[in-house]
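Structure file entry_4.tsv; described as TSV, C-alpha atoms.
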```
chain	number	residue	atom	x	y	z
A	1	MET	CA	-44.40	5.38	-10.54
A	2	GLY	CA	-40.69	4.63	-10.80
A	3	ARG	CA	-38.65	4.31	-7.64
A	4	THR	CA	-36.12	7.05	-8.45
A	5	VAL	CA	-36.76	10.28	-6.59
A	6	ILE	CA	-37.39	13.17	-9.00
A	7	THR	CA	-36.30	16.60	-7.83
A	8	ARG	CA	-36.27	20.06	-9.36
A	9	LYS	CA	-32.54	19.58	-9.92
A	10	ASP	CA	-33.28	16.47	-12.02
A	11	ILE	CA	-35.72	18.43	-14.12
A	12	LYS	CA	-33.20	21.23	-14.64
A	13	HIS	CA	-30.66	18.59	-15.66
A	14	ALA	CA	-33.13	17.12	-18.18
A	15	HIS	CA	-33.67	20.58	-19.63
A	16	ARG	CA	-29.90	21.16	-19.91
A	17	LYS	CA	-29.49	17.83	-21.63
A	18	GLU	CA	-32.28	18.55	-24.12
A	19	ARG	CA	-30.90	22.01	-24.76
A	20	SER	CA	-27.36	20.73	-25.38
A	21	ILE	CA	-28.63	18.08	-27.78
A	22	SER	CA	-30.71	20.57	-29.73
A	23	ASN	CA	-27.94	23.15	-29.76
A	24	GLN	CA	-24.75	21.18	-30.50
A	25	ASN	CA	-22.70	24.34	-31.06
A	26	SER	CA	-23.36	25.70	-27.60
A	27	ARG	CA	-20.52	25.01	-25.17
A	28	ASP	CA	-22.33	26.11	-22.00
A	29	SER	CA	-25.52	24.14	-21.40
A	30	ARG	CA	-26.14	25.41	-17.88
A	31	ILE	CA	-29.47	26.91	-17.03
A	32	SER	CA	-29.05	30.51	-16.04
A	33	ASP	CA	-31.52	33.23	-15.20
A	34	ASP	CA	-31.41	34.15	-18.90
A	35	ASP	CA	-32.72	30.67	-19.74
A	36	LEU	CA	-35.77	31.37	-17.62
A	37	SER	CA	-36.48	34.66	-19.37
A	38	PRO	CA	-39.57	35.08	-21.58
A	39	GLU	CA	-37.28	35.08	-24.65
A	40	ALA	CA	-36.04	31.60	-23.74
A	41	GLY	CA	-39.60	30.36	-23.53
A	42	TYR	CA	-39.67	29.58	-19.79
A	43	GLN	CA	-40.95	31.96	-17.14
A	44	SER	CA	-39.75	29.95	-14.15
A	45	ILE	CA	-38.49	26.62	-12.95
A	46	ASP	CA	-42.15	25.74	-12.42
A	47	GLU	CA	-42.67	25.83	-16.18
A	48	LEU	CA	-39.78	23.41	-16.60
A	49	VAL	CA	-41.40	21.18	-14.01
A	50	LYS	CA	-44.65	21.23	-16.00
A	51	LYS	CA	-42.81	20.36	-19.21
A	52	TYR	CA	-40.72	17.46	-17.94
A	53	ALA	CA	-42.47	16.14	-14.89
A	54	LYS	CA	-43.39	17.14	-11.43
A	55	PRO	CA	-40.83	16.76	-8.69
A	56	ASP	CA	-41.90	14.19	-6.17
A	57	ASP	CA	-43.88	15.51	-3.25
A	58	TYR	CA	-42.99	14.81	0.39
A	59	ILE	CA	-44.98	11.57	0.74
A	60	THR	CA	-43.71	10.18	-2.57
A	61	ARG	CA	-40.09	10.90	-1.61
A	62	LEU	CA	-40.69	9.22	1.75
A	63	LEU	CA	-42.04	6.10	0.05
A	64	LYS	CA	-39.15	6.02	-2.41
A	65	TYR	CA	-36.40	6.56	0.16
A	66	VAL	CA	-37.48	3.89	2.66
A	67	PRO	CA	-36.46	0.43	1.37
A	68	SER	CA	-39.64	-1.26	2.56
A	69	GLU	CA	-38.99	-4.54	0.72
A	70	VAL	CA	-35.63	-5.07	2.42
A	71	ILE	CA	-37.06	-3.98	5.78
A	72	VAL	CA	-39.85	-6.56	5.41
A	73	LEU	CA	-37.26	-9.22	4.58
A	74	TYR	CA	-35.35	-8.29	7.72
A	75	LEU	CA	-38.51	-8.24	9.85
A	76	THR	CA	-39.29	-11.75	8.62
A	77	LEU	CA	-35.86	-13.09	9.54
A	78	ASP	CA	-35.32	-11.14	12.78
A	79	PRO	CA	-37.53	-13.23	15.09
A	80	LEU	CA	-36.11	-16.44	13.68
A	81	VAL	CA	-32.58	-15.66	14.87
A	82	ARG	CA	-33.40	-14.22	18.28
A	83	PRO	CA	-32.32	-16.57	21.07
A	84	ALA	CA	-35.19	-18.24	22.94
A	85	ASN	CA	-33.76	-17.34	26.34
A	86	SER	CA	-32.57	-13.99	27.63
A	87	THR	CA	-28.88	-14.87	27.42
A	88	SER	CA	-27.45	-14.31	23.99
A	89	GLN	CA	-25.83	-17.31	22.41
A	90	LEU	CA	-22.86	-16.62	20.16
A	91	ASP	CA	-24.31	-18.31	17.08
A	92	HIS	CA	-27.49	-16.21	17.33
A	93	VAL	CA	-25.47	-13.02	17.72
A	94	VAL	CA	-23.26	-13.77	14.72
A	95	LEU	CA	-26.24	-14.78	12.57
A	96	HIS	CA	-28.16	-11.66	13.61
A	97	TRP	CA	-25.25	-9.40	12.61
A	98	ALA	CA	-24.75	-11.34	9.36
A	99	ILE	CA	-28.40	-10.86	8.37
A	100	PHE	CA	-28.18	-7.16	9.22
A	101	ILE	CA	-25.02	-6.70	7.10
A	102	CYS	CA	-26.62	-8.64	4.23
A	103	GLY	CA	-29.61	-6.27	4.47
A	104	ILE	CA	-27.31	-3.25	4.19
A	105	LEU	CA	-25.61	-4.74	1.12
A	106	LEU	CA	-28.88	-5.94	-0.40
A	107	THR	CA	-30.57	-2.53	-0.21
A	108	PRO	CA	-28.59	-0.81	-3.02
A	109	ILE	CA	-28.39	-4.03	-5.04
A	110	TYR	CA	-32.17	-4.41	-4.93
A	111	LEU	CA	-32.78	-0.76	-5.73
A	112	ILE	CA	-30.33	-0.79	-8.65
A	113	ARG	CA	-31.28	-4.11	-10.21
A	114	ILE	CA	-35.01	-4.36	-9.52
A	115	GLN	CA	-36.15	-0.77	-9.09
A	116	LYS	CA	-33.62	0.72	-11.59
A	117	VAL	CA	-32.48	3.48	-9.19
A	118	LYS	CA	-29.22	5.05	-10.35
A	119	LYS	CA	-28.84	8.03	-8.04
A	120	ARG	CA	-26.01	7.38	-5.59
A	121	SER	CA	-27.40	9.81	-3.06
A	122	GLN	CA	-30.74	7.98	-3.04
A	123	LEU	CA	-28.98	4.63	-2.65
A	124	MET	CA	-27.04	5.97	0.35
A	125	ILE	CA	-30.13	7.54	1.94
A	126	SER	CA	-32.08	4.29	1.49
A	127	SER	CA	-29.25	2.16	2.90
A	128	LEU	CA	-29.02	4.43	5.91
A	129	ALA	CA	-32.82	4.25	6.26
A	130	PHE	CA	-32.50	0.47	6.50
A	131	VAL	CA	-29.90	0.83	9.26
A	132	VAL	CA	-32.11	3.29	11.16
A	133	TRP	CA	-35.15	1.02	10.93
A	134	VAL	CA	-33.20	-2.00	12.20
A	135	PHE	CA	-31.69	0.13	14.96
A	136	ALA	CA	-35.19	1.22	15.97
A	137	ILE	CA	-36.50	-2.34	16.27
A	138	GLY	CA	-33.37	-3.49	18.08
A	139	GLY	CA	-31.94	-5.98	15.63
A	140	PRO	CA	-28.39	-7.05	16.46
A	141	PHE	CA	-27.88	-3.79	18.37
A	142	VAL	CA	-29.63	-5.35	21.38
A	143	TYR	CA	-26.43	-7.31	22.01
A	144	LEU	CA	-24.46	-4.10	22.57
A	145	SER	CA	-24.21	-2.92	26.15
A	146	TRP	CA	-24.84	0.75	25.31
A	147	TYR	CA	-28.00	0.14	23.27
A	148	LYS	CA	-31.31	1.35	24.71
A	149	PRO	CA	-34.57	0.84	22.76
A	150	PHE	CA	-35.60	4.46	23.19
A	151	TYR	CA	-32.57	5.57	21.10
A	152	GLY	CA	-34.14	3.98	18.05
A	153	GLY	CA	-37.56	5.21	19.11
A	154	ILE	CA	-36.25	8.76	18.94
A	155	LEU	CA	-34.03	8.35	15.86
A	156	LEU	CA	-36.58	6.65	13.56
A	157	PRO	CA	-39.28	9.34	13.51
A	158	PHE	CA	-36.68	12.10	13.11
A	159	TYR	CA	-34.87	10.36	10.25
A	160	THR	CA	-38.10	9.36	8.53
A	161	THR	CA	-39.43	12.92	8.80
A	162	ILE	CA	-36.21	14.57	7.63
A	163	ILE	CA	-35.13	12.42	4.66
A	164	PRO	CA	-38.01	13.45	2.37
A	165	LEU	CA	-37.13	17.08	3.07
A	166	LEU	CA	-33.75	16.54	1.43
A	167	GLU	CA	-33.78	17.74	-2.12
A	168	GLU	CA	-30.80	16.33	-3.99
```
Here is the file; what I need is its structure written in the form of structure tokens.
Amino acid sequence: MGRTVITRKDIKHAHRKERSISNQNSRDSRISDDDLSPEAGYQSIDELVKKYAKPDDYITRLLKYVPSEVIVLYLTLDPLVRPANSTSQLDHVVLHWAIFICGILLTPIYLIRIQKVKKRSQLMISSLAFVVWVFAIGGPFVYLSWYKPFYGGILLPFYTTIIPLLEE
């Protein structure tokens, strides 16, 4: 299983691409309702899905959107930079924010280079997922006066439930 989220739109795009390659003289390679007619060979978008691939289901999209590897990296480093006492020391605060920002930057780099994800929307959703996960566990946000742990406790389940519902 590749890491790129596959949607119905991706499958339609693959069909358009195949159709334009096979029919070089055609200027309009969009799929219209006529393309899904019996004469065109496809009854519905579901037949296109069967031909090219299946769009990812909810659980698969959830697994692909959440950058678990970068979150695990952050969870490994987070306790190491927390100050031992309740008062925050400046060097711990700065280091905590630096690790968080590196995690944000590392998320798309990791997904592009290692997982071969090219979809910008997926890269943005995954980067935001990293931010939401760190916000939920506290991370450097604990140093902000307005931060309350229950904010992240409410945001994380909502974000994690909603992002797989997005169909790009």
What separation in Å, quoted to one decimal, exists between atom CA of Lys64 of chain A and atom CA of Pro79 of chain A?
26.1 Å
Counting only C-alpha atoms, which residues have an atom no more than 9 Å from (-35.7, 12.8, -3.8) in the file's coordinates? Please list them as a count of residues only.
21
Exercise: segment 108-117 of chain A partners within 8 Å, only C-alpha atoms, chain neighbours under 4 positions left out, as a PDB file with C-alpha atoms, keeping the file's coordinate frame:
```pdb
ATOM      1  CA  GLY A   2     -40.690   4.630 -10.800  1.00  0.00           C
ATOM      2  CA  ARG A   3     -38.650   4.310  -7.640  1.00  0.00           C
ATOM      3  CA  THR A   4     -36.120   7.050  -8.450  1.00  0.00           C
ATOM      4  CA  ILE A 104     -27.310  -3.250   4.190  1.00  0.00           C
ATOM      5  CA  GLN A 122     -30.740   7.980  -3.040  1.00  0.00           C
ATOM      6  CA  LEU A 123     -28.980   4.630  -2.650  1.00  0.00           C
ATOM      7  CA  MET A 124     -27.040   5.970   0.350  1.00  0.00           C
ATOM      8  CA  SER A 126     -32.080   4.290   1.490  1.00  0.00           C
ATOM      9  CA  SER A 127     -29.250   2.160   2.900  1.00  0.00           C
TER      10      SER A 127
END
```
Name all residues at most 10 Å from Gly139 of chain A (count all atoms listed in the file; drop same-chain ones fewer than 5 positions away) and give them as a count of residues only.
14
Could you list, as a CSV table (one decimal) with C-alpha atoms, in the frame of the given file, every residue within 12 Å of Leu144 of chain A, counting only C-alpha atoms and ignoring same-chain residues fewer than 3 positions away?
```
chain,number,residue,atom,x,y,z
A,88,SER,CA,-27.4,-14.3,24.0
A,93,VAL,CA,-25.5,-13.0,17.7
A,97,TRP,CA,-25.2,-9.4,12.6
A,135,PHE,CA,-31.7,0.1,15.0
A,138,GLY,CA,-33.4,-3.5,18.1
A,139,GLY,CA,-31.9,-6.0,15.6
A,140,PRO,CA,-28.4,-7.0,16.5
A,141,PHE,CA,-27.9,-3.8,18.4
A,147,TYR,CA,-28.0,0.1,23.3
A,148,LYS,CA,-31.3,1.4,24.7
A,149,PRO,CA,-34.6,0.8,22.8
```
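Atom CA of Tyr159 of chain A is positioned 7.6 Å from atom CA of Ala129 of chain A.
Using all atoms listed in the file, the nearest neighbour of Ile162 of chain A within the list A:Ile125, A:Leu73, A:Val94, A:Cys102 is A:Ile125.
Rounded to one decimal, atom CA of Glu69 of chain A and atom CA of Phe130 of chain A lie 10.0 Å from each other.
Among the candidate residues A:Leu106, A:Thr161, A:Ser145, A:Val72, the one lying nearest to Ile59 of chain A is A:Thr161, with distances computed using all atoms listed in the file.
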Which one is closest to Leu80 of chain A: A:Ala98, A:Ile137, A:His92, A:Lys119? Count only C-alpha atoms.
A:His92
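Between Val70 of chain A and the candidates A:Thr107, A:Lys9, A:Pro83, A:Leu95, the tightest atom-to-atom separation, counting all atoms listed in the file, involves A:Thr107.
Between Ile11 of chain A and the residues A:Leu155, A:Lys54, A:Thr160, A:Arg120, the shortest atom-to-atom distance, using only C-alpha atoms, involves A:Lys54.
Shortest separation to Leu128 of chain A among A:Arg8, A:Leu77, A:Ile71, A:Gly153 occurs at residue A:Ile71, atoms counted being only C-alpha atoms.
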